[in-house]
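Containing compact mmCIF, C-alpha atoms and all ligand atoms: structure-v4.txt.
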# COMPACT_ATOMS: atom_id res chain seq x y z
CA MET A 93 79.83 91.41 107.87
CA ASN A 94 76.57 90.43 106.22
CA ILE A 95 77.75 87.55 104.06
CA GLU A 96 74.22 86.82 102.79
CA LYS A 97 73.88 90.35 101.42
CA ILE A 98 77.40 90.30 100.04
CA ARG A 99 76.72 87.05 98.17
CA LYS A 100 73.43 88.44 96.88
CA ASP A 101 75.33 91.49 95.61
CA THR A 102 77.77 89.08 93.89
CA ARG A 103 75.20 87.83 91.43
CA PHE A 104 77.11 84.97 89.85
CA CYS A 105 78.95 83.46 92.80
CA GLU A 106 76.59 80.52 93.38
CA ASP A 107 77.03 78.45 90.22
CA LYS A 108 80.81 78.07 90.54
CA LEU A 109 83.66 77.96 93.03
CA PHE A 110 85.21 81.33 92.29
CA LEU A 111 88.75 81.43 93.68
CA ASN A 112 90.47 83.88 91.36
CA SER A 113 90.27 87.32 92.97
CA ALA A 114 94.05 87.68 92.57
CA GLY A 115 93.40 87.36 88.82
CA SER A 116 90.19 89.24 88.13
CA SER A 117 87.47 89.09 90.77
CA LEU A 118 83.68 89.15 90.52
CA VAL A 119 82.39 92.73 90.66
CA PRO A 120 79.45 93.62 92.93
CA ALA A 121 76.26 94.12 90.87
CA ILE A 122 76.15 97.84 91.71
CA VAL A 123 79.47 98.34 89.86
CA THR A 124 78.05 97.06 86.57
CA GLN A 125 74.82 98.94 87.18
CA LYS A 126 76.60 102.30 87.64
CA MET A 127 78.75 101.71 84.57
CA LYS A 128 75.74 100.83 82.42
CA GLU A 129 73.88 103.93 83.59
CA PHE A 130 76.89 106.06 82.73
CA LEU A 131 77.25 104.52 79.26
CA ASP A 132 73.55 104.99 78.56
CA ALA A 133 73.85 108.68 79.43
CA GLU A 134 76.97 108.93 77.23
CA GLU A 135 74.98 107.50 74.33
CA GLU A 136 72.34 110.14 74.92
CA ILE A 137 74.35 113.35 75.31
CA GLY A 138 77.91 112.52 74.26
CA GLY A 139 81.03 112.12 76.36
CA TYR A 140 82.10 115.74 76.88
CA LYS A 141 78.72 117.01 78.05
CA LEU A 142 78.32 113.99 80.32
CA VAL A 143 81.63 114.61 82.08
CA GLU A 144 80.62 118.25 82.55
CA THR A 145 77.32 117.28 84.17
CA ARG A 146 78.77 114.46 86.30
CA ILE A 147 81.93 116.20 87.49
CA GLU A 148 81.09 115.82 91.20
CA GLU A 149 80.51 112.07 90.80
CA ILE A 150 83.81 111.75 88.91
CA LYS A 151 85.66 113.60 91.67
CA GLU A 152 84.41 110.98 94.14
CA PHE A 153 86.89 108.56 92.55
CA ASN A 154 89.81 110.32 94.25
CA ILE A 155 87.88 110.72 97.49
CA GLU A 156 87.00 107.00 97.75
CA ILE A 157 90.52 105.82 96.84
CA GLY A 158 91.84 108.38 99.34
CA LYS A 159 89.62 106.83 102.04
CA LEU A 160 90.89 103.38 101.12
CA LEU A 161 94.54 104.41 101.46
CA ASN A 162 94.26 107.03 104.22
CA ALA A 163 95.37 109.67 101.71
CA LYS A 164 94.11 113.01 100.45
CA ALA A 165 92.16 113.11 97.18
CA ALA A 166 94.87 115.43 95.78
CA ASN A 167 97.44 112.62 95.96
CA ILE A 168 95.45 110.16 93.82
CA SER A 169 95.46 109.69 90.08
CA TYR A 170 93.50 107.31 87.86
CA ALA A 171 95.59 104.74 85.95
CA TYR A 172 94.65 102.20 83.30
CA SER A 173 96.35 99.38 85.21
CA ALA A 174 98.92 98.80 87.94
CA THR A 175 101.67 98.62 85.33
CA ASP A 176 100.54 101.92 83.83
CA ALA A 177 100.73 103.53 87.29
CA TYR A 178 104.12 101.92 87.92
CA SER A 179 105.69 103.12 84.68
CA LYS A 180 104.40 106.65 85.30
CA ALA A 181 106.10 106.59 88.72
CA LEU A 182 109.38 105.26 87.31
CA SER A 183 109.32 107.82 84.51
CA CYS A 184 109.47 110.66 87.07
CA ILE A 185 113.06 109.85 87.91
CA PRO A 186 115.84 111.35 85.73
CA TRP A 187 117.78 108.07 85.45
CA LYS A 188 121.49 108.09 84.77
CA ALA A 189 124.22 105.48 84.54
CA GLY A 190 125.12 104.00 87.91
CA ASP A 191 121.83 104.86 89.64
CA VAL A 192 120.77 101.96 91.85
CA ILE A 193 117.32 100.42 92.31
CA ILE A 194 116.95 98.13 95.30
CA THR A 195 114.11 95.65 94.95
CA THR A 196 113.15 92.20 96.23
CA ASN A 197 113.21 88.60 94.99
CA ASN A 198 109.44 88.73 94.86
CA ASP A 199 108.66 91.85 92.89
CA TYR A 200 106.21 91.61 90.00
CA THR A 201 107.22 90.56 86.49
CA SER A 202 106.45 93.84 84.75
CA ASN A 203 108.32 95.77 87.45
CA PHE A 204 111.40 93.66 86.78
CA LEU A 205 110.95 94.07 83.00
CA GLN A 206 110.97 97.84 83.45
CA PHE A 207 114.04 97.71 85.73
CA ILE A 208 115.86 95.61 83.11
CA ASN A 209 114.88 98.18 80.48
CA LEU A 210 116.34 100.94 82.65
CA GLU A 211 119.49 98.86 83.06
CA ASN A 212 119.80 98.32 79.30
CA ARG A 213 119.01 101.91 78.29
CA PHE A 214 120.63 103.98 81.02
CA GLY A 215 123.02 101.70 82.89
CA VAL A 216 120.87 101.60 86.02
CA VAL A 217 122.00 98.90 88.48
CA ILE A 218 119.47 96.47 90.02
CA LYS A 219 120.11 95.04 93.48
CA ARG A 220 117.87 92.62 95.37
CA ILE A 221 117.29 92.36 99.11
CA ASP A 222 118.04 88.81 100.32
CA SER A 223 115.14 86.74 101.55
CA LEU A 224 115.33 85.03 104.93
CA GLU A 225 114.86 81.26 105.23
CA ASP A 226 111.11 81.76 105.89
CA GLY A 227 110.72 84.00 102.81
CA ASP A 228 110.54 87.36 104.61
CA LEU A 229 112.80 90.27 103.70
CA ASN A 230 116.26 90.36 105.26
CA ILE A 231 116.11 93.91 106.62
CA ALA A 232 119.75 93.79 107.81
CA HIS A 233 120.78 93.10 104.22
CA LEU A 234 118.70 96.08 103.05
CA GLU A 235 120.54 98.33 105.55
CA GLN A 236 123.85 97.03 104.25
CA LEU A 237 122.86 97.58 100.58
CA ILE A 238 121.83 101.16 101.38
CA LEU A 239 125.17 101.88 103.06
CA GLU A 240 127.12 100.43 100.15
CA LYS A 241 125.03 101.62 97.19
CA ARG A 242 123.12 104.78 98.16
CA PRO A 243 120.13 103.78 95.98
CA THR A 244 117.98 106.22 94.02
CA LEU A 245 114.89 104.09 94.52
CA ILE A 246 113.67 101.24 96.71
CA ALA A 247 110.83 99.28 95.13
CA VAL A 248 108.87 96.61 96.98
CA THR A 249 105.82 94.55 96.01
CA GLU A 250 103.81 93.88 99.16
CA ILE A 251 102.07 90.69 98.00
CA PRO A 252 103.54 88.97 94.96
CA THR A 253 101.35 87.56 92.20
CA ASN A 254 102.54 84.00 92.67
CA SER A 255 102.43 83.27 96.39
CA GLY A 256 100.80 84.18 99.70
CA LEU A 257 103.89 85.98 101.01
CA ILE A 258 103.31 89.43 102.57
CA GLN A 259 106.47 91.53 102.51
CA ASP A 260 107.03 94.02 105.33
CA ILE A 261 106.54 97.30 103.47
CA VAL A 262 106.19 99.27 106.71
CA ALA A 263 109.65 98.24 107.93
CA VAL A 264 111.15 99.23 104.56
CA GLY A 265 109.22 102.53 104.65
CA GLU A 266 110.73 103.46 108.02
CA ILE A 267 114.20 103.03 106.57
CA CYS A 268 113.41 104.94 103.36
CA ALA A 269 112.01 107.86 105.39
CA ARG A 270 115.06 107.89 107.69
CA GLU A 271 117.49 107.76 104.73
CA ASP A 272 115.45 110.07 102.45
CA ILE A 273 115.28 107.50 99.65
CA LEU A 274 112.43 107.39 97.12
CA TYR A 275 110.09 104.50 97.89
CA LEU A 276 107.76 102.82 95.39
CA VAL A 277 105.27 100.20 96.61
CA ASP A 278 103.35 97.79 94.40
CA ALA A 279 100.13 97.14 96.31
CA CYS A 280 98.35 95.51 93.38
CA GLN A 281 97.42 92.33 95.28
CA SER A 282 97.00 94.10 98.64
CA VAL A 283 94.37 96.77 98.00
CA GLY A 284 90.88 95.46 98.64
CA GLN A 285 92.32 92.40 100.40
CA ILE A 286 93.96 93.91 103.50
CA PRO A 287 94.13 97.46 104.93
CA VAL A 288 96.68 99.63 103.11
CA ASP A 289 97.65 102.91 104.81
CA VAL A 290 100.10 105.16 102.99
CA GLN A 291 100.73 107.19 106.18
CA LYS A 292 102.03 104.04 107.87
CA ILE A 293 103.91 102.80 104.81
CA LYS A 294 105.53 106.22 104.27
CA CYS A 295 105.83 105.57 100.53
CA ASP A 296 106.35 108.12 97.77
CA PHE A 297 104.40 106.12 95.22
CA LEU A 298 101.89 103.31 95.55
CA THR A 299 100.40 101.51 92.56
CA ALA A 300 97.41 99.20 92.17
CA THR A 301 94.92 97.75 89.75
CA GLY A 302 91.12 97.72 89.91
CA ARG A 303 90.13 94.25 88.74
CA LYS A 304 91.65 92.07 91.46
CA PHE A 305 90.78 92.15 95.18
CA MET A 306 89.28 95.64 94.65
CA ARG A 307 86.52 93.97 92.60
CA GLY A 308 86.47 96.77 90.03
CA PRO A 309 86.25 96.57 86.24
CA ARG A 310 89.09 95.74 83.88
CA GLY A 311 91.29 98.51 82.48
CA THR A 312 91.35 100.44 85.74
CA GLY A 313 93.91 101.21 88.43
CA PHE A 314 95.37 104.06 90.40
CA LEU A 315 98.54 105.76 91.54
CA PHE A 316 99.21 107.44 94.87
CA ALA A 317 101.93 110.13 94.79
CA SER A 318 103.05 111.68 98.08
CA ASP A 319 103.19 115.40 98.92
CA ARG A 320 106.97 115.15 98.78
CA ILE A 321 106.76 114.00 95.14
CA LEU A 322 104.34 116.78 94.23
CA GLU A 323 106.25 119.50 96.09
CA ARG A 324 109.56 118.49 94.56
CA GLY A 325 108.05 118.89 91.09
CA TYR A 326 108.35 115.30 89.91
CA SER A 327 106.29 114.64 86.81
CA PRO A 328 105.74 111.70 84.49
CA LEU A 329 107.56 111.76 81.16
CA CYS A 330 104.30 111.48 79.24
CA LEU A 331 102.20 114.58 79.99
CA ASP A 332 99.18 116.07 78.30
CA GLY A 333 96.92 119.07 78.82
CA ALA A 334 95.27 117.45 81.85
CA GLY A 335 98.58 117.16 83.71
CA ALA A 336 100.16 120.47 82.77
CA GLU A 337 99.38 123.80 81.18
CA TRP A 338 101.48 124.85 78.16
CA THR A 339 102.44 128.41 79.16
CA ALA A 340 105.15 129.53 76.70
CA HIS A 341 107.06 128.11 73.71
CA ASN A 342 109.38 126.05 75.90
CA LYS A 343 107.56 126.05 79.19
CA TYR A 344 104.73 124.37 81.00
CA LYS A 345 103.22 124.56 84.45
CA LEU A 346 102.48 121.30 86.24
CA GLN A 347 99.17 120.65 87.96
CA PRO A 348 99.84 121.03 91.70
CA THR A 349 98.06 117.73 92.50
CA ALA A 350 98.51 114.13 91.36
CA GLN A 351 96.33 115.10 88.42
CA ARG A 352 99.69 115.62 86.66
CA PHE A 353 99.77 111.81 86.30
CA THR A 354 96.39 111.69 84.57
CA LEU A 355 95.78 112.05 80.86
CA PHE A 356 92.87 114.01 79.38
CA GLU A 357 91.31 110.98 77.75
CA LEU A 358 89.91 108.58 80.33
CA PRO A 359 87.41 105.70 80.22
CA PHE A 360 84.96 107.49 82.51
CA ALA A 361 82.45 104.62 82.73
CA SER A 362 85.24 102.36 84.00
CA LEU A 363 86.47 105.05 86.36
CA ILE A 364 82.94 105.24 87.81
CA GLY A 365 82.98 101.44 88.09
CA LEU A 366 86.17 101.43 90.16
CA LYS A 367 84.89 104.34 92.24
CA GLU A 368 81.80 102.28 93.05
CA ALA A 369 83.82 99.13 93.81
CA THR A 370 85.99 101.18 96.17
CA ARG A 371 82.96 102.70 97.86
CA TYR A 372 81.60 99.16 98.33
CA ALA A 373 84.90 97.92 99.82
CA ASN A 374 85.13 100.96 102.13
CA GLU A 375 81.58 100.33 103.29
CA VAL A 376 82.18 96.64 104.08
CA GLY A 377 85.42 97.77 105.76
CA LEU A 378 88.92 96.59 105.03
CA GLU A 379 89.45 95.29 108.58
CA ASN A 380 86.33 93.12 108.19
CA ILE A 381 87.38 91.96 104.73
CA ALA A 382 90.88 91.06 105.95
CA ALA A 383 89.48 89.16 108.95
CA GLN A 384 87.13 87.11 106.75
CA ASN A 385 89.96 86.45 104.29
CA GLN A 386 92.14 85.17 107.13
CA LYS A 387 89.36 82.83 108.19
CA ILE A 388 88.65 81.30 104.80
CA GLY A 389 92.33 81.29 103.79
CA THR A 390 93.35 79.43 106.95
CA GLN A 391 90.55 76.92 106.42
CA LEU A 392 91.59 76.29 102.81
CA ARG A 393 95.29 75.97 103.67
CA GLY A 394 94.42 73.52 106.46
CA ASN A 395 92.14 71.47 104.20
CA LEU A 396 94.67 71.30 101.38
CA SER A 397 97.62 70.46 103.60
CA ALA A 398 95.67 67.49 105.02
CA ILE A 399 95.35 65.92 101.55
CA PRO A 400 98.00 63.24 100.90
CA GLY A 401 100.48 64.42 98.23
CA VAL A 402 99.45 68.09 98.30
CA GLN A 403 102.30 70.52 98.84
CA LEU A 404 101.65 74.16 99.70
CA HIS A 405 104.29 76.56 98.39
CA ASP A 406 103.63 79.82 100.25
CA LYS A 407 106.31 81.16 102.55
CA GLY A 408 106.38 83.96 105.09
CA ASP A 409 105.42 84.90 108.59
CA ARG A 410 102.08 86.43 107.58
CA LEU A 411 100.11 84.86 104.74
CA ALA A 412 97.76 86.51 102.27
CA SER A 413 94.68 85.18 100.53
CA ILE A 414 96.80 83.61 97.79
CA ILE A 415 97.28 79.88 98.21
CA THR A 416 99.59 78.01 95.85
CA PHE A 417 100.03 74.26 95.65
CA THR A 418 100.87 71.19 93.59
CA LYS A 419 99.92 67.54 94.09
CA GLU A 420 102.46 64.78 93.83
CA GLY A 421 102.04 62.61 90.72
CA ILE A 422 99.43 64.94 89.19
CA SER A 423 100.42 66.77 86.00
CA LYS A 424 99.44 70.32 85.15
CA GLU A 425 97.00 69.01 82.54
CA GLN A 426 95.35 66.59 84.99
CA MET A 427 95.00 69.30 87.60
CA ILE A 428 93.48 71.77 85.12
CA ALA A 429 91.02 69.18 83.80
CA GLY A 430 90.03 68.11 87.33
CA LEU A 431 89.35 71.67 88.49
CA ASP A 432 87.65 72.78 85.27
CA ASP A 433 85.32 69.76 85.39
CA HIS A 434 83.93 71.06 88.69
CA ARG A 435 83.66 74.72 87.70
CA VAL A 436 86.48 75.80 89.97
CA PHE A 437 87.83 79.21 88.88
CA TYR A 438 91.54 79.65 89.67
CA SER A 439 94.83 80.64 88.02
CA LEU A 440 97.84 78.69 86.94
CA SER A 441 101.05 80.49 87.93
CA SER A 442 104.14 79.56 85.99
CA ARG A 443 107.87 80.27 86.07
CA GLN A 444 107.65 83.33 83.79
CA HIS A 445 105.45 85.07 86.39
CA ALA A 446 108.18 84.93 89.02
CA VAL A 447 111.47 83.53 87.71
CA ILE A 448 113.43 83.98 90.94
CA ASP A 449 110.82 82.47 93.27
CA PHE A 450 110.05 79.51 91.00
CA GLU A 451 113.75 78.73 90.53
CA GLU A 452 114.31 78.83 94.26
CA LYS A 453 111.36 76.51 94.87
CA GLY A 454 112.38 74.23 91.98
CA LEU A 455 108.95 74.50 90.37
CA ASP A 456 107.62 75.19 86.87
CA TRP A 457 104.01 75.83 87.81
CA VAL A 458 101.59 75.98 90.74
CA ILE A 459 97.83 76.20 91.05
CA ARG A 460 96.82 79.51 92.62
CA PHE A 461 93.60 79.81 94.62
CA SER A 462 92.70 83.30 95.79
CA PRO A 463 89.49 83.30 97.85
CA HIS A 464 87.93 86.61 98.86
CA TYR A 465 85.45 87.64 101.55
CA PHE A 466 82.40 86.70 99.44
CA ASN A 467 83.55 83.07 99.58
CA THR A 468 82.35 80.81 102.38
CA LEU A 469 83.97 78.25 104.69
CA GLU A 470 81.74 75.60 103.10
CA GLU A 471 83.23 76.45 99.68
CA MET A 472 86.71 75.95 101.15
CA ASP A 473 85.69 72.42 102.16
CA ARG A 474 84.10 71.67 98.80
CA VAL A 475 87.11 72.73 96.76
CA ALA A 476 89.45 70.69 98.94
CA GLU A 477 87.28 67.60 98.34
CA ILE A 478 87.61 68.22 94.60
CA VAL A 479 91.41 68.51 94.86
CA GLU A 480 91.51 65.31 96.94
CA ARG A 481 89.68 63.38 94.23
CA ILE A 482 91.97 64.56 91.38
C1 LIG B 501 101.79 92.09 92.36
C2 LIG B 501 101.33 92.59 91.04
N1 LIG B 501 101.76 93.77 90.59
C3 LIG B 501 101.38 94.27 89.40
C4 LIG B 501 100.52 93.55 88.60
C5 LIG B 501 100.14 94.14 87.27
O1 LIG B 501 98.82 94.53 87.22
P1 LIG B 501 98.22 95.09 85.85
O2 LIG B 501 98.07 93.89 84.97
O3 LIG B 501 96.94 95.73 86.23
O4 LIG B 501 99.20 96.02 85.29
C6 LIG B 501 100.03 92.31 89.01
C7 LIG B 501 99.14 91.53 88.15
O5 LIG B 501 98.93 90.36 88.33
C8 LIG B 501 100.45 91.81 90.27
O6 LIG B 501 100.01 90.64 90.72

Would you mind writing the structure in this file as structure tokens?
Amino acid sequence: MNIEKIRKDTRFCEDKLFLNSAGSSLVPAIVTQKMKEFLDAEEEIGGYKLVETRIEEIKEFNIEIGKLLNAKAANISYAYSATDAYSKALSCIPWKAGDVIITTNNDYTSNFLQFINLENRFGVVIKRIDSLEDGDLNIAHLEQLILEKRPTLIAVTEIPTNSGLIQDIVAVGEICAREDILYLVDACQSVGQIPVDVQKIKCDFLTATGRKFMRGPRGTGFLFASDRILERGYSPLCLDGAGAEWTAHNKYKLQPTAQRFTLFELPFASLIGLKEATRYANEVGLENIAAQNQKIGTQLRGNLSAIPGVQLHDKGDRLASIITFTKEGISKEQMIAGLDDHRVFYSLSSRQHAVIDFEEKGLDWVIRFSPHYFNTLEEMDRVAEIVERI
């Protein structure tokens, strides 16, 4: 990995300590450049004509995301965000009272909000897989829940928003495939950070956003829908003329591909931006990115844990590039002021982001650092010195 080139491509990484790729990362310069070019052309000839003339470039979106996920282009659909992709997936299922969703203690806020909505509206039942002492999923408990409840859907977030835990989505996928249960994976914090392979995961749906470790623009994301979903005729509740053809008074014909999840009206400049960010990530290579993330993440965890009073709050056998901590005797306000003073970019995670996890840990807030491969080992030392002085 050519870190010098990568940092040069990340034009504004030198004047700050940017550790917020789990929030919204810094995009490579080429992403902004491609989006600006597209918008300039749109100003010149108008949106419809531009899409007509750039159709091949637009199609590359599905091809690049397909490469990223080891999927076919036909199984990919643009989404406005991870939550948009997630709600489209959930809306495919004809929910009825008593249907069971099995999820985890560490699934994302908006996923839980949607499950609760399904519970309130349709009488869907939500069950959670127990966590083991070290934070990992209790797979024996999942097997037991399946036997007892025969769930309609199993939904697992691989890396939660609020900690460095990596949940074993491959182990869950094996069970879903064996039991023929629909499987929805939230890979929002995984894509762009570690390799994600839908053939290995064996999921029916996978959802993600563009702005985080993918380093794409805001307002972008994508949905993967498996062949099984397409062949069985699942479709999102909200369709338009891009997803289906209106064939008779009371009939329509679905697009055979995951295009059925796309709407006609898309922010094409942003789509081009995420396509370019994905091409960039594919070129650097996800194995390389993950290896560099391991290196800098381990260094930062080691540095922070050596500081008197600092407590790290991430659990799990394998840890992601999300590092959460507090410091004894230091208030939230003091921590924020201390980091802001030194141009450290980070996130504050609070209870509302992950009620179950925060309650279990007895915390109200944590500082979240999320370094990415454009960060350096030297930056990991510098930020730890800043935390030590707060
Ligand atoms: C694990 C996880 N899933 C889903 C989301 C939602 O992403 P979006 O805001 O793009 O809908 C987030 C955002 O932080 C997340 O961390």

**Request:** May I ask which of the residues A:Pro243, A:Gly401, A:Gly115, A:Gly215 is the closest one to ligand LIG 501 (chain B), counting only C-alpha atoms and all ligand atoms?
**Result:** A:Gly115

**Message:** To check your reading of the model: which residues sit at most 8 Å from ligand LIG 501 (chain B) when counting only C-alpha atoms and all ligand atoms? Write the answer as a PyMOL selection string.
**Reply:** chain A and resi 114-115+172-177+199-203+249-254+278-281+299-303+311-313

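The gap separating atom CA of A:Ser423 from atom CA of A:Cys105 is 28.0 Å, in Å to one decimal.
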
**Fill in**
As a check of understanding: the span from atom CA of A:Ile246 to atom CA of A:Val217 is 11.9 Å

**Prompt:** Taking into account only C-alpha atoms, which residue in the set A:Asn380, A:Asn94, A:Asn197, A:Ser169 is nearest to A:Ala334?
**Reply:** A:Ser169

**Item:** Near-stretch 463-471 of chain A list (6 Å; all atoms listed in the file; drop same-chain fewer than 4 positions) as a PyMOL selection string
**Value:** chain A and resi 99+111+381+384-385+388

**Computed interatomic separation between atom CA of A:Glu357 and atom CA of A:Ile147 (Å)** = 14.5 Å

**Message:** Let me make sure I understand: among A:Arg435, A:His445, A:Lys97, A:Lys141, which one has the smallest atom-to-atom distance to A:Ile478 if we use only C-alpha atoms?
**Reply:** A:Arg435

**Request:** Could you give me, as number ranges by chain, the residues within 10 Å of stretch 150-164 of chain A, counting all atoms listed in the file and dropping anything in the same chain fewer than 3 positions from it?
**Result:** A: 143-147, 167-170, 283-284, 287-292, 298, 314-319, 350-351, 360-361, 363-374, 377-378

Just-selected residues, C-alpha atoms written as a compact mmCIF listing (two decimals), in the coordinates of the input:
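Done, and the output landed in out.txt:
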# COMPACT_ATOMS: atom_id res chain seq x y z
CA VAL A 143 81.63 114.61 82.08
CA GLU A 144 80.62 118.25 82.55
CA THR A 145 77.32 117.28 84.17
CA ARG A 146 78.77 114.46 86.30
CA ILE A 147 81.93 116.20 87.49
CA ASN A 167 97.44 112.62 95.96
CA ILE A 168 95.45 110.16 93.82
CA SER A 169 95.46 109.69 90.08
CA TYR A 170 93.50 107.31 87.86
CA VAL A 283 94.37 96.77 98.00
CA GLY A 284 90.88 95.46 98.64
CA PRO A 287 94.13 97.46 104.93
CA VAL A 288 96.68 99.63 103.11
CA ASP A 289 97.65 102.91 104.81
CA VAL A 290 100.10 105.16 102.99
CA GLN A 291 100.73 107.19 106.18
CA LYS A 292 102.03 104.04 107.87
CA LEU A 298 101.89 103.31 95.55
CA PHE A 314 95.37 104.06 90.40
CA LEU A 315 98.54 105.76 91.54
CA PHE A 316 99.21 107.44 94.87
CA ALA A 317 101.93 110.13 94.79
CA SER A 318 103.05 111.68 98.08
CA ASP A 319 103.19 115.40 98.92
CA ALA A 350 98.51 114.13 91.36
CA GLN A 351 96.33 115.10 88.42
CA PHE A 360 84.96 107.49 82.51
CA ALA A 361 82.45 104.62 82.73
CA LEU A 363 86.47 105.05 86.36
CA ILE A 364 82.94 105.24 87.81
CA GLY A 365 82.98 101.44 88.09
CA LEU A 366 86.17 101.43 90.16
CA LYS A 367 84.89 104.34 92.24
CA GLU A 368 81.80 102.28 93.05
CA ALA A 369 83.82 99.13 93.81
CA THR A 370 85.99 101.18 96.17
CA ARG A 371 82.96 102.70 97.86
CA TYR A 372 81.60 99.16 98.33
CA ALA A 373 84.90 97.92 99.82
CA ASN A 374 85.13 100.96 102.13
CA GLY A 377 85.42 97.77 105.76
CA LEU A 378 88.92 96.59 105.03

**Request:** Find the residues near A:Glu477: any atom within 12 Å, counting only C-alpha atoms, skip ones fewer than 2 places away on the same chain, and give them as a PyMOL selection string.
**Result:** chain A and resi 392+395-400+430-431+434+436+470-475+479-482

**Message:** Measuring between only C-alpha atoms, which one of A:Thr339, A:Asn198, A:Ser183, A:Thr416 shows the shortest distance to A:Ile258?
**Reply:** A:Asn198

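Of the listed residues (A:Ala476, A:Val402, A:Ala165, A:Leu355), A:Leu355 comes nearest to A:Pro328; the distances count all atoms listed in the file.
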
**Request:** Could you give me, as an NGL selection string, the residues within 10 Å of A:Leu455, counting all atoms listed in the file and dropping anything in the same chain fewer than 6 positions from it?
**Result:** :A and (405 or 418 or 442-443 or 447 or 449)

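Residues in contact with stretch 410-414 of chain A at up to 7 Å, not including ones fewer than 6 positions away on its chain and judged by all atoms listed in the file, are Ser255, Gly256, Leu257, Ile258, Asn385, Gly389, Arg460, Phe461, Ser462 and Pro463 of chain A.
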
**Item:** Protein/DNA/RNA residues near (124.5, 102.9, 86.8), cut 8 Å, all atoms listed in the file, as a PyMOL selection string
**Value:** chain A and resi 188-192+211+214-217

Around all of stretch 249-259 of chain A's listed atoms, make the axis-aligned box with 6 Å on each side and tell me centre and edge lengths in Å to one decimal, as lines of an AutoDock Vina configuration file.
center_x = 103.6
center_y = 88.9
center_z = 97.4
size_x = 17.7
size_y = 23.3
size_z = 22.4

Would you mind writing stretch 250-254 of chain A with all heavy atoms, as a PDB file, in the coordinates of the input?
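Saved result, out-v1.pdb, follows:
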ATOM      1  N   GLU A 250     104.221  94.401  97.841  1.00  0.00           N
ATOM      2  CA  GLU A 250     103.810  93.880  99.160  1.00  0.00           C
ATOM      3  C   GLU A 250     103.425  92.401  99.074  1.00  0.00           C
ATOM      4  O   GLU A 250     103.940  91.568  99.810  1.00  0.00           O
ATOM      5  CB  GLU A 250     102.642  94.687  99.741  1.00  0.00           C
ATOM      6  CG  GLU A 250     102.306  94.179 101.146  1.00  0.00           C
ATOM      7  CD  GLU A 250     101.287  95.019 101.891  1.00  0.00           C
ATOM      8  OE1 GLU A 250     100.470  95.673 101.261  1.00  0.00           O
ATOM      9  OE2 GLU A 250     101.325  94.979 103.144  1.00  0.00           O
ATOM     10  N   ILE A 251     102.487  92.087  98.163  1.00  0.00           N
ATOM     11  CA  ILE A 251     102.070  90.690  98.000  1.00  0.00           C
ATOM     12  C   ILE A 251     102.358  90.299  96.553  1.00  0.00           C
ATOM     13  O   ILE A 251     101.799  90.898  95.631  1.00  0.00           O
ATOM     14  CB  ILE A 251     100.565  90.507  98.298  1.00  0.00           C
ATOM     15  CG1 ILE A 251     100.251  90.958  99.743  1.00  0.00           C
ATOM     16  CG2 ILE A 251     100.138  89.056  98.081  1.00  0.00           C
ATOM     17  CD1 ILE A 251      98.770  90.922 100.099  1.00  0.00           C
ATOM     18  N   PRO A 252     103.229  89.327  96.344  1.00  0.00           N
ATOM     19  CA  PRO A 252     103.540  88.970  94.960  1.00  0.00           C
ATOM     20  C   PRO A 252     102.373  88.260  94.274  1.00  0.00           C
ATOM     21  O   PRO A 252     101.434  87.809  94.948  1.00  0.00           O
ATOM     22  CB  PRO A 252     104.745  88.028  95.092  1.00  0.00           C
ATOM     23  CG  PRO A 252     104.764  87.581  96.495  1.00  0.00           C
ATOM     24  CD  PRO A 252     104.027  88.584  97.313  1.00  0.00           C
ATOM     25  N   THR A 253     102.453  88.145  92.968  1.00  0.00           N
ATOM     26  CA  THR A 253     101.350  87.560  92.200  1.00  0.00           C
ATOM     27  C   THR A 253     101.269  86.051  92.389  1.00  0.00           C
ATOM     28  O   THR A 253     100.233  85.446  92.220  1.00  0.00           O
ATOM     29  CB  THR A 253     101.564  87.889  90.699  1.00  0.00           C
ATOM     30  OG1 THR A 253     100.357  87.689  90.024  1.00  0.00           O
ATOM     31  CG2 THR A 253     102.662  87.082  90.047  1.00  0.00           C
ATOM     32  N   ASN A 254     102.397  85.452  92.774  1.00  0.00           N
ATOM     33  CA  ASN A 254     102.540  84.000  92.670  1.00  0.00           C
ATOM     34  C   ASN A 254     102.611  83.282  94.002  1.00  0.00           C
ATOM     35  O   ASN A 254     102.879  82.090  94.023  1.00  0.00           O
ATOM     36  CB  ASN A 254     103.825  83.703  91.908  1.00  0.00           C
ATOM     37  CG  ASN A 254     105.000  84.378  92.588  1.00  0.00           C
ATOM     38  OD1 ASN A 254     105.079  85.599  92.577  1.00  0.00           O
ATOM     39  ND2 ASN A 254     105.856  83.628  93.221  1.00  0.00           N
TER      40      ASN A 254
END
